[in-house]
$ cat data06.cif   # mmCIF, C-alpha atoms and all ligand atoms
data_coords
#
loop_
_atom_site.label_atom_id
_atom_site.label_comp_id
_atom_site.auth_asym_id
_atom_site.auth_seq_id
_atom_site.Cartn_x
_atom_site.Cartn_y
_atom_site.Cartn_z
CA MET A 199 0.00 0.00 0.00
CA ALA A 200 2.75 2.41 1.06
CA LEU A 201 4.80 1.32 -1.96
CA ALA A 202 1.92 1.94 -4.34
CA ALA A 203 1.46 5.40 -2.89
CA ALA A 204 5.17 6.16 -3.29
CA ARG A 205 5.08 4.96 -6.92
CA ARG A 206 2.10 7.15 -7.62
CA LEU A 207 3.98 10.08 -6.12
CA LEU A 208 7.05 9.34 -8.21
CA LEU A 209 5.03 8.99 -11.37
CA HIS A 210 3.35 12.27 -10.62
CA ALA A 211 6.69 13.98 -10.03
CA GLY A 212 8.03 12.37 -13.22
CA SER A 213 5.22 13.71 -15.32
CA ARG A 214 5.48 17.17 -13.75
CA LEU A 215 9.22 17.48 -14.04
CA GLY A 216 9.74 15.55 -17.24
CA ARG A 217 12.13 12.65 -17.80
CA ARG A 218 15.85 12.93 -18.42
CA GLU A 219 16.98 10.22 -20.73
CA ALA A 220 19.91 9.33 -22.95
CA VAL A 221 18.93 9.05 -26.60
CA ASP A 222 21.67 8.34 -29.14
CA GLY A 223 24.20 9.75 -26.73
CA ALA A 224 22.37 13.08 -26.62
CA ARG A 225 21.04 14.31 -23.32
CA ARG A 226 17.48 15.42 -23.38
CA PHE A 227 14.45 15.72 -21.18
CA ALA A 228 10.91 16.02 -22.25
CA ASN A 229 7.38 16.40 -21.19
CA LYS A 230 4.43 16.15 -23.49
CA ARG A 231 4.55 19.59 -25.05
CA VAL A 232 8.16 20.68 -24.66
CA LEU A 233 11.29 18.80 -25.67
CA VAL A 234 14.66 19.98 -24.40
CA GLU A 235 17.98 18.82 -25.78
CA THR A 236 20.85 19.68 -23.48
CA GLU A 237 23.76 18.43 -25.58
CA GLY A 238 25.75 21.28 -27.19
CA PRO A 239 23.74 24.49 -27.02
CA ALA A 240 20.48 23.56 -25.31
CA VAL A 241 17.47 23.61 -27.61
CA MET A 242 13.93 23.91 -26.38
CA LYS A 243 11.32 22.76 -28.87
CA LEU A 244 7.64 23.51 -28.52
CA ARG A 245 5.52 20.60 -29.68
CA ASN A 246 1.90 21.30 -28.99
CA PRO A 247 0.25 20.55 -32.35
CA PRO A 248 -1.38 21.72 -34.43
CA VAL A 249 -0.24 25.31 -33.80
CA ASN A 250 1.77 25.40 -30.54
CA SER A 251 -0.93 27.44 -28.84
CA LEU A 252 0.04 28.23 -25.27
CA SER A 253 -2.59 26.28 -23.40
CA LEU A 254 -2.42 26.17 -19.61
CA GLU A 255 -0.71 22.76 -19.80
CA CYS A 256 1.77 24.00 -22.38
CA LEU A 257 2.58 27.13 -20.34
CA THR A 258 3.12 25.00 -17.24
CA GLU A 259 5.39 22.53 -19.00
CA PHE A 260 7.31 25.37 -20.62
CA THR A 261 7.82 27.09 -17.27
CA ILE A 262 8.93 23.86 -15.57
CA SER A 263 11.41 23.09 -18.38
CA LEU A 264 12.82 26.58 -18.17
CA GLU A 265 13.19 26.28 -14.41
CA LYS A 266 15.06 22.99 -14.84
CA LEU A 267 17.45 24.59 -17.31
CA GLU A 268 17.99 27.59 -15.03
CA ASN A 269 18.89 25.21 -12.19
CA ASP A 270 21.46 23.38 -14.32
CA LYS A 271 24.56 25.51 -13.97
CA SER A 272 26.20 23.83 -16.97
CA ILE A 273 23.59 25.39 -19.26
CA ARG A 274 24.31 29.00 -20.20
CA GLY A 275 22.12 29.43 -23.25
CA VAL A 276 19.01 28.03 -24.90
CA ILE A 277 17.71 28.12 -28.45
CA LEU A 278 13.94 28.35 -28.53
CA THR A 279 12.19 26.85 -31.54
CA SER A 280 9.23 24.77 -32.72
CA GLU A 281 8.61 21.22 -33.80
CA CYS A 282 5.30 22.11 -35.48
CA PRO A 283 5.86 22.58 -39.21
CA GLY A 284 5.28 26.16 -40.33
CA ILE A 285 4.28 27.43 -36.91
CA PHE A 286 6.53 28.90 -34.24
CA SER A 287 3.59 29.52 -31.91
CA ALA A 288 0.01 30.72 -32.49
CA GLY A 289 0.28 32.52 -29.16
CA LEU A 290 -2.02 32.29 -26.21
CA ASP A 291 -4.63 29.58 -26.48
CA LEU A 292 -7.87 31.30 -27.43
CA LEU A 293 -9.85 28.46 -25.91
CA GLU A 294 -8.37 29.33 -22.49
CA MET A 295 -9.80 32.83 -22.87
CA TYR A 296 -13.18 31.99 -24.33
CA GLY A 297 -16.25 30.51 -22.67
CA ARG A 298 -14.57 29.81 -19.31
CA ASN A 299 -15.20 31.24 -15.87
CA PRO A 300 -13.40 34.12 -14.11
CA ALA A 301 -11.44 31.74 -11.84
CA HIS A 302 -10.08 29.99 -14.91
CA TYR A 303 -9.15 33.27 -16.58
CA ALA A 304 -7.32 34.37 -13.42
CA GLU A 305 -5.43 31.08 -13.18
CA TYR A 306 -4.51 31.19 -16.84
CA TRP A 307 -3.27 34.76 -16.68
CA LYS A 308 -1.19 34.06 -13.60
CA ASN A 309 0.61 31.37 -15.58
CA VAL A 310 1.09 33.63 -18.61
CA GLN A 311 2.68 36.23 -16.31
CA GLU A 312 4.85 33.57 -14.70
CA LEU A 313 6.23 32.30 -17.98
CA TRP A 314 6.86 35.82 -19.26
CA LEU A 315 8.71 36.90 -16.11
CA ARG A 316 10.89 33.79 -16.22
CA LEU A 317 11.71 34.12 -19.88
CA TYR A 318 12.21 37.86 -19.93
CA THR A 319 14.46 37.91 -16.87
CA SER A 320 16.30 34.67 -17.58
CA ASN A 321 20.01 34.72 -16.80
CA MET A 322 20.56 32.39 -19.72
CA ILE A 323 21.20 33.55 -23.27
CA LEU A 324 18.00 33.00 -25.22
CA VAL A 325 18.06 32.86 -29.00
CA SER A 326 14.88 32.20 -30.95
CA ALA A 327 14.91 30.24 -34.18
CA ILE A 328 11.57 31.40 -35.56
CA ASN A 329 10.65 28.68 -38.01
CA GLY A 330 7.02 29.59 -38.61
CA ALA A 331 4.11 31.90 -37.90
CA SER A 332 4.47 33.85 -34.70
CA PRO A 333 1.44 36.00 -33.88
CA ALA A 334 0.70 37.67 -30.52
CA GLY A 335 1.89 35.41 -27.68
CA GLY A 336 4.18 33.68 -30.19
CA CYS A 337 5.79 37.02 -30.91
CA LEU A 338 5.96 37.63 -27.16
CA LEU A 339 8.05 34.47 -26.71
CA ALA A 340 10.43 35.62 -29.43
CA LEU A 341 10.64 39.15 -28.01
CA CYS A 342 11.78 37.70 -24.67
CA CYS A 343 14.87 36.32 -26.36
CA ASP A 344 18.18 38.12 -26.62
CA TYR A 345 18.39 37.51 -30.36
CA ARG A 346 15.83 36.51 -32.99
CA VAL A 347 16.58 34.61 -36.19
CA MET A 348 13.62 34.18 -38.54
CA ALA A 349 13.10 31.90 -41.53
CA ASP A 350 12.79 33.76 -44.82
CA ASN A 351 9.37 32.52 -45.82
CA PRO A 352 6.78 35.21 -46.66
CA LYS A 353 4.04 32.89 -45.39
CA TYR A 354 5.39 33.31 -41.88
CA THR A 355 4.38 36.48 -40.10
CA ILE A 356 5.18 37.90 -36.70
CA GLY A 357 3.75 40.68 -34.56
CA LEU A 358 1.39 41.65 -31.77
CA ASN A 359 -1.93 41.38 -33.62
CA GLU A 360 -4.23 41.57 -30.59
CA SER A 361 -6.22 44.53 -31.89
CA LEU A 362 -7.33 42.40 -34.87
CA LEU A 363 -8.97 40.04 -32.38
CA GLY A 364 -10.81 42.89 -30.68
CA ILE A 365 -8.58 42.59 -27.63
CA VAL A 366 -5.76 44.72 -26.31
CA ALA A 367 -2.12 43.83 -25.79
CA PRO A 368 -1.41 44.17 -22.04
CA PHE A 369 0.95 46.94 -20.94
CA TRP A 370 3.87 44.56 -20.44
CA PHE A 371 3.54 43.17 -23.98
CA LYS A 372 3.51 46.80 -25.12
CA ASP A 373 6.52 47.74 -22.98
CA MET A 374 8.58 44.94 -24.49
CA TYR A 375 7.51 45.95 -28.00
CA VAL A 376 8.50 49.55 -27.35
CA ASN A 377 11.85 48.38 -25.93
CA THR A 378 12.46 46.37 -29.09
CA ILE A 379 11.20 48.52 -31.98
CA GLY A 380 10.77 51.97 -30.44
CA HIS A 381 7.70 53.95 -29.50
CA ARG A 382 6.53 55.13 -32.92
CA GLU A 383 6.75 51.74 -34.65
CA ALA A 384 5.14 50.04 -31.65
CA GLU A 385 2.34 52.60 -31.50
CA ARG A 386 1.47 52.02 -35.14
CA ALA A 387 1.95 48.24 -35.15
CA LEU A 388 -0.10 47.76 -31.98
CA GLN A 389 -3.04 49.82 -33.21
CA LEU A 390 -3.07 48.12 -36.61
CA GLY A 391 -2.29 44.69 -35.19
CA THR A 392 0.40 44.40 -37.83
CA LEU A 393 1.70 40.96 -38.70
CA PHE A 394 5.06 41.58 -40.35
CA SER A 395 6.58 39.45 -43.09
CA PRO A 396 10.16 38.39 -42.29
CA ALA A 397 11.57 41.20 -44.47
CA GLU A 398 9.35 43.82 -42.77
CA ALA A 399 10.09 42.39 -39.33
CA LEU A 400 13.79 42.76 -40.01
CA LYS A 401 13.32 46.32 -41.22
CA VAL A 402 11.48 47.50 -38.09
CA GLY A 403 13.64 45.40 -35.76
CA VAL A 404 11.11 42.84 -34.55
CA VAL A 405 13.73 40.26 -35.57
CA ASP A 406 17.49 40.59 -35.79
CA GLU A 407 18.21 38.40 -38.77
CA VAL A 408 16.35 36.66 -41.59
CA VAL A 409 17.95 33.62 -43.19
CA PRO A 410 16.90 30.90 -45.66
CA GLU A 411 14.57 28.47 -43.95
CA ASP A 412 17.05 25.58 -43.95
CA GLN A 413 19.62 27.72 -42.17
CA VAL A 414 17.55 28.95 -39.23
CA HIS A 415 18.92 26.40 -36.79
CA SER A 416 22.55 26.60 -37.87
CA LYS A 417 22.40 30.39 -37.73
CA ALA A 418 20.85 30.29 -34.25
CA ARG A 419 23.69 28.00 -33.15
CA SER A 420 26.37 30.29 -34.55
CA VAL A 421 24.73 33.29 -32.87
CA MET A 422 24.71 31.34 -29.61
CA THR A 423 28.43 30.57 -29.96
CA LYS A 424 29.14 34.28 -30.30
CA TRP A 425 27.07 35.19 -27.26
CA LEU A 426 28.59 32.35 -25.20
CA ALA A 427 32.01 33.93 -25.70
CA ILE A 428 30.97 36.87 -23.48
CA PRO A 429 31.66 36.41 -19.74
CA ASP A 430 28.41 35.40 -18.06
CA HIS A 431 28.60 37.79 -15.13
CA SER A 432 29.03 40.93 -17.23
CA ARG A 433 26.43 39.87 -19.79
CA GLN A 434 23.92 38.92 -17.08
CA LEU A 435 24.38 42.16 -15.17
CA THR A 436 23.96 44.11 -18.39
CA LYS A 437 20.82 42.19 -19.33
CA ASN A 438 19.41 42.76 -15.88
CA MET A 439 20.16 46.48 -16.12
CA MET A 440 18.34 46.67 -19.46
CA ARG A 441 15.28 44.62 -18.49
CA LYS A 442 14.69 45.08 -14.77
CA ALA A 443 12.48 48.16 -14.94
CA THR A 444 10.15 46.52 -17.47
CA ALA A 445 9.86 43.33 -15.43
CA ASP A 446 9.42 45.27 -12.17
CA ASN A 447 6.58 47.19 -13.76
CA LEU A 448 4.57 43.97 -13.90
CA ILE A 449 5.90 42.49 -10.65
CA LYS A 450 4.62 45.45 -8.64
CA GLN A 451 1.10 45.07 -10.03
CA ARG A 452 0.67 41.39 -10.80
CA GLU A 453 -2.56 41.02 -8.84
CA ALA A 454 -4.12 44.12 -10.38
CA ASP A 455 -3.08 42.90 -13.83
CA ILE A 456 -4.81 39.56 -13.19
CA GLN A 457 -7.96 41.40 -12.07
CA ASN A 458 -7.86 43.64 -15.16
CA PHE A 459 -7.42 40.71 -17.48
CA THR A 460 -10.18 38.72 -15.82
CA SER A 461 -12.73 41.49 -15.93
CA PHE A 462 -11.75 42.52 -19.48
CA ILE A 463 -11.89 39.03 -20.95
CA SER A 464 -15.14 38.20 -19.13
CA LYS A 465 -16.99 41.08 -20.81
CA ASP A 466 -19.75 40.00 -23.20
CA SER A 467 -18.43 42.27 -25.93
CA ILE A 468 -14.93 40.78 -25.68
CA GLN A 469 -16.26 37.23 -25.62
CA LYS A 470 -18.27 38.09 -28.72
CA SER A 471 -15.15 39.37 -30.49
CA LEU A 472 -13.27 36.20 -29.62
CA HIS A 473 -16.18 34.10 -30.83
CA MET A 474 -16.15 35.92 -34.17
CA TYR A 475 -12.39 35.50 -34.49
CA LEU A 476 -12.59 31.77 -33.76
CA GLU A 477 -15.37 31.44 -36.35
CA LYS A 478 -13.20 33.26 -38.87
CA LEU A 479 -10.37 30.80 -38.22
CA LYS A 480 -12.79 27.92 -38.83
CA GLN A 481 -14.21 29.44 -42.02
CA LYS A 482 -10.71 30.00 -43.38
CA LYS A 483 -10.39 26.22 -43.42
CA GLY A 484 -13.49 26.02 -45.64
C1 LIG A 501 -6.81 45.48 -20.01
C2 LIG A 501 -5.97 44.53 -20.87
C3 LIG A 501 -6.27 43.12 -20.57
C4 LIG A 501 -5.63 42.12 -21.51
C5 LIG A 501 -6.50 41.72 -22.63
C6 LIG A 501 -6.23 40.39 -23.24
C7 LIG A 501 -4.83 40.12 -23.68
C8 LIG A 501 -4.70 38.85 -24.42
C9 LIG A 501 -3.41 38.72 -25.14
C10 LIG A 501 -3.50 37.73 -26.18
C11 LIG A 501 -2.47 37.17 -26.74
C12 LIG A 501 -2.57 36.11 -27.75
O1 LIG A 501 -1.62 35.45 -28.04
S1 LIG A 501 -4.07 35.84 -28.47
C13 LIG A 501 -3.84 34.62 -29.73
C14 LIG A 501 -3.51 35.28 -31.02
N1 LIG A 501 -3.25 34.31 -31.98
C15 LIG A 501 -3.70 34.39 -33.24
O2 LIG A 501 -4.33 35.35 -33.65
C16 LIG A 501 -3.39 33.21 -34.13
C17 LIG A 501 -4.59 32.69 -34.78
N2 LIG A 501 -4.22 31.59 -35.62
C18 LIG A 501 -3.79 31.74 -36.88
O3 LIG A 501 -3.63 32.85 -37.41
C19 LIG A 501 -3.55 30.50 -37.64
O4 LIG A 501 -4.19 29.41 -36.99
C20 LIG A 501 -2.06 30.17 -37.79
C21 LIG A 501 -1.32 30.16 -36.48
C22 LIG A 501 -1.37 31.16 -38.75
C23 LIG A 501 -1.94 28.74 -38.40
O5 LIG A 501 -2.70 28.64 -39.56
P1 LIG A 501 -3.02 27.20 -40.15
O6 LIG A 501 -3.78 27.43 -41.44
O7 LIG A 501 -1.77 26.40 -40.22
O8 LIG A 501 -3.92 26.48 -39.07
P2 LIG A 501 -5.45 26.75 -38.71
O9 LIG A 501 -6.28 25.83 -39.53
O10 LIG A 501 -5.77 28.20 -38.75
O11 LIG A 501 -5.48 26.30 -37.18
C24 LIG A 501 -5.46 24.95 -36.77
C25 LIG A 501 -6.32 24.80 -35.54
O12 LIG A 501 -5.73 25.54 -34.46
C26 LIG A 501 -6.68 26.48 -33.94
N3 LIG A 501 -5.96 27.67 -33.46
C27 LIG A 501 -5.19 28.51 -34.16
N4 LIG A 501 -4.68 29.46 -33.37
C28 LIG A 501 -5.12 29.20 -32.12
C29 LIG A 501 -4.94 29.83 -30.86
N5 LIG A 501 -4.16 30.92 -30.69
N6 LIG A 501 -5.56 29.29 -29.81
C30 LIG A 501 -6.34 28.19 -29.95
N7 LIG A 501 -6.55 27.57 -31.12
C31 LIG A 501 -5.95 28.06 -32.19
C32 LIG A 501 -7.60 26.79 -35.12
O13 LIG A 501 -8.83 27.30 -34.69
C33 LIG A 501 -7.73 25.38 -35.73
O14 LIG A 501 -8.61 24.64 -34.91
P3 LIG A 501 -9.60 23.54 -35.50
O15 LIG A 501 -10.47 24.25 -36.51
O16 LIG A 501 -10.36 23.06 -34.30
O17 LIG A 501 -8.70 22.50 -36.11
#
$ encode --input "data06.cif" --output "structure tokens" --more "lines below"
Ligand SMILES: CCCCCCCCC/C=C/C(=O)SCCNC(=O)CCNC(=O)[C@H](O)C(C)(C)COP(=O)(O)OP(=O)(O)OC[C@H]1O[C@@H](n2cnc3c(N)ncnc32)[C@H](O)[C@@H]1OP(=O)(O)O
Amino acid sequence: MALAAARRLLLHAGSRLGRREAVDGARRFANKRVLVETEGPAVMKLRNPPVNSLSLECLTEFTISLEKLENDKSIRGVILTSECPGIFSAGLDLLEMYGRNPAHYAEYWKNVQELWLRLYTSNMILVSAINGASPAGGCLLALCCDYRVMADNPKYTIGLNESLLGIVAPFWFKDMYVNTIGHREAERALQLGTLFSPAEALKVGVVDEVVPEDQVHSKARSVMTKWLAIPDHSRQLTKNMMRKATADNLIKQREADIQNFTSFISKDSIQKSLHMYLEKLKQKKG
């Protein structure tokens, strides 16, 4: 009886923390929606098909994987990419924000905040290999990175498109956009909900480099090598100096931000907008 209980506990811990296993000599750990290879530069691959939407489960697994990497002192940098063909991430999961109750919205938002704070303030070097579409929350993930490499495929777009959904990018999404592309570009792109092609994204500075699709990963690795050559302590202190104020801005009002999100997303008019957007996505399929 006691043994069975202990096994259950272990299994539970195993599924929460992921398994570390040796595969073809490469070290990796995985949970259902995130695969992490820790051999060479660590690579974190989102695999939540069909579109890598950031469901509550996906956010949780992502956050746990990131925490594990942060705790492994041998890992100084991570390349963030996707295993879903043609999609980096479709962003926050619309089904977590539609037709649920306020307690669910609050729980979801708390986890979105948690992942963002961890990613944005990570001591590790984060490089994104953007190998597909990257709207809204997908763009947010990329913006958290220290360097963004995007595949040169005009079908792939990136940007904070919230206004097209009839919703509003939260102030901390906006702050990070402003930090990355400047106030004027952010002001325009946020109001229009612009989804930039790779060439446009490079021009405004949403991404740092655009390369042929088959070179995204090799380029991300060579960028990582360059960044790894910088002493950690000086790079980390510099990163902290650049990002702290933006992160603190959310930290000091996390609860209020959860309340704002919950009451905003619960509004009938907002639910109606999301309903229409989801219908549009369905119709697109024909
Ligand atoms: C005060 C301030 C307070 C704050 C106020 C609130 C702040 C909220 C901030 C929000 C941030 C966000 O990230 S909001 C999310 C924004 N994301 C988007 O707009 C992306 C929408 N998706 C797309 O454009 C496309 O799906 C795209 C990713 C390019 C892939 O196109 P494809 O043709 O390959 O695939 P599709 O056929 O469209 O999609 C496959 C299936 O995935 C579903 N799907 C697609 N995106 C999805 C998503 N984000 N969440 C859930 N499900 C999604 C589709 O409905 C389909 O479902 P089935 O029909 O069932 O198969």
$ residues_near_ligand --input "data06.cif" --ligand "ligand LIG 501 (chain A)" --cutoff "8 Å" --atoms "only C-alpha atoms and all ligand atoms" --output "JSON, numbers by chain"
{"A": [248, 249, 251, 252, 253, 284, 285, 287, 288, 289, 290, 291, 292, 293, 294, 331, 332, 333, 334, 335, 336, 338, 354, 355, 358, 359, 360, 362, 363, 365, 366, 367, 368, 369, 455, 458, 459, 460, 462, 463, 476, 477, 479, 480, 482, 483]}
$ write_last_selection --input "data06.cif" --atoms "C-alpha atoms" --output "mmCIF file, keeping the file's coordinate frame"
data_model
loop_
_atom_site.group_PDB
_atom_site.id
_atom_site.type_symbol
_atom_site.label_atom_id
_atom_site.label_comp_id
_atom_site.auth_asym_id
_atom_site.auth_seq_id
_atom_site.Cartn_x
_atom_site.Cartn_y
_atom_site.Cartn_z
ATOM 1 C CA PRO A 248 -1.380 21.720 -34.430
ATOM 2 C CA VAL A 249 -0.240 25.310 -33.800
ATOM 3 C CA SER A 251 -0.930 27.440 -28.840
ATOM 4 C CA LEU A 252 0.040 28.230 -25.270
ATOM 5 C CA SER A 253 -2.590 26.280 -23.400
ATOM 6 C CA GLY A 284 5.280 26.160 -40.330
ATOM 7 C CA ILE A 285 4.280 27.430 -36.910
ATOM 8 C CA SER A 287 3.590 29.520 -31.910
ATOM 9 C CA ALA A 288 0.010 30.720 -32.490
ATOM 10 C CA GLY A 289 0.280 32.520 -29.160
ATOM 11 C CA LEU A 290 -2.020 32.290 -26.210
ATOM 12 C CA ASP A 291 -4.630 29.580 -26.480
ATOM 13 C CA LEU A 292 -7.870 31.300 -27.430
ATOM 14 C CA LEU A 293 -9.850 28.460 -25.910
ATOM 15 C CA GLU A 294 -8.370 29.330 -22.490
ATOM 16 C CA ALA A 331 4.110 31.900 -37.900
ATOM 17 C CA SER A 332 4.470 33.850 -34.700
ATOM 18 C CA PRO A 333 1.440 36.000 -33.880
ATOM 19 C CA ALA A 334 0.700 37.670 -30.520
ATOM 20 C CA GLY A 335 1.890 35.410 -27.680
ATOM 21 C CA GLY A 336 4.180 33.680 -30.190
ATOM 22 C CA LEU A 338 5.960 37.630 -27.160
ATOM 23 C CA TYR A 354 5.390 33.310 -41.880
ATOM 24 C CA THR A 355 4.380 36.480 -40.100
ATOM 25 C CA LEU A 358 1.390 41.650 -31.770
ATOM 26 C CA ASN A 359 -1.930 41.380 -33.620
ATOM 27 C CA GLU A 360 -4.230 41.570 -30.590
ATOM 28 C CA LEU A 362 -7.330 42.400 -34.870
ATOM 29 C CA LEU A 363 -8.970 40.040 -32.380
ATOM 30 C CA ILE A 365 -8.580 42.590 -27.630
ATOM 31 C CA VAL A 366 -5.760 44.720 -26.310
ATOM 32 C CA ALA A 367 -2.120 43.830 -25.790
ATOM 33 C CA PRO A 368 -1.410 44.170 -22.040
ATOM 34 C CA PHE A 369 0.950 46.940 -20.940
ATOM 35 C CA ASP A 455 -3.080 42.900 -13.830
ATOM 36 C CA ASN A 458 -7.860 43.640 -15.160
ATOM 37 C CA PHE A 459 -7.420 40.710 -17.480
ATOM 38 C CA THR A 460 -10.180 38.720 -15.820
ATOM 39 C CA PHE A 462 -11.750 42.520 -19.480
ATOM 40 C CA ILE A 463 -11.890 39.030 -20.950
ATOM 41 C CA LEU A 476 -12.590 31.770 -33.760
ATOM 42 C CA GLU A 477 -15.370 31.440 -36.350
ATOM 43 C CA LEU A 479 -10.370 30.800 -38.220
ATOM 44 C CA LYS A 480 -12.790 27.920 -38.830
ATOM 45 C CA LYS A 482 -10.710 30.000 -43.380
ATOM 46 C CA LYS A 483 -10.390 26.220 -43.420
#
$ closest_atom_pairs --input "data06.cif" --of "range 309-416 of chain A" --to "range 435-444 of chain A" --cutoff "12 Å" --atoms "all atoms listed in the file" --output "Markdown table"
| residue | atom | partner | partner_atom | distance |
| --- | --- | --- | --- | --- |
| A:Trp314 | CA | A:Thr444 | CA | 11.3 |
| A:Leu315 | CA | A:Thr444 | CA | 9.8 |
| A:Arg316 | CA | A:Arg441 | CA | 11.9 |
| A:Leu317 | CA | A:Arg441 | CA | 11.2 |
| A:Tyr318 | CA | A:Arg441 | CA | 7.6 |
| A:Thr319 | CA | A:Arg441 | CA | 7.0 |
| A:Ser320 | CA | A:Asn438 | CA | 8.8 |
| A:Asn321 | CA | A:Lys437 | CA | 7.9 |
| A:Met322 | CA | A:Lys437 | CA | 9.8 |
| A:Ile323 | CA | A:Lys437 | CA | 9.5 |
| A:Leu324 | CA | A:Lys437 | CA | 11.3 |
| A:Leu341 | CA | A:Arg441 | CA | 11.9 |
| A:Cys342 | CA | A:Arg441 | CA | 9.9 |
| A:Cys343 | CA | A:Lys437 | CA | 10.9 |
| A:Asp344 | CA | A:Lys437 | CA | 8.8 |
| A:Phe369 | CA | A:Thr444 | CA | 9.8 |
| A:Trp370 | CA | A:Thr444 | CA | 7.2 |
| A:Phe371 | CA | A:Thr444 | CA | 9.9 |
| A:Lys372 | CA | A:Thr444 | CA | 10.1 |
| A:Asp373 | CA | A:Thr444 | CA | 6.7 |
| A:Met374 | CA | A:Thr444 | CA | 7.4 |
| A:Tyr375 | CA | A:Thr444 | CA | 10.9 |
| A:Val376 | CA | A:Thr444 | CA | 10.5 |
| A:Asn377 | CA | A:Thr444 | CA | 8.8 |
| A:Thr378 | CA | A:Arg441 | CA | 11.1 |
$ axis_aligned_box --input "data06.cif" --around "range 322-325 of chain A" --padding-each-side "3 Å" --output "lines of an AutoDock Vina configuration file"
center_x = 19.6
center_y = 33.0
center_z = -24.4
size_x = 9.2
size_y = 7.2
size_z = 15.3
$ closest_residue --input "data06.cif" --among "A:Pro283, A:Gly403, A:Pro410, A:Gly380" --to "Leu244 in chain A" --atoms "only C-alpha atoms"
A:Pro283
$ atom_distance --input "data06.cif" --atom1 "CA of Lys243 in chain A" --atom2 "CA of Lys424 in chain A"
21.3 Å
$ closest_residue --input "data06.cif" --among "A:Gln389, A:Asn329, A:Asn269, A:Thr236" --to "Glu411 in chain A" --atoms "all atoms listed in the file"
A:Asn329
$ atom_distance --input "data06.cif" --atom1 "CA of Ala304 in chain A" --atom2 "CA of Gln457 in chain A"
7.2 Å
$ atom_distance --input "data06.cif" --atom1 "CA of Gly275 in chain A" --atom2 "CA of Ala384 in chain A"
28.0 Å
$ closest_residue --input "data06.cif" --among "A:Ile468, A:Val241, A:Ala228, A:Ala445" --to "Gly364 in chain A" --atoms "all atoms listed in the file"
A:Ile468
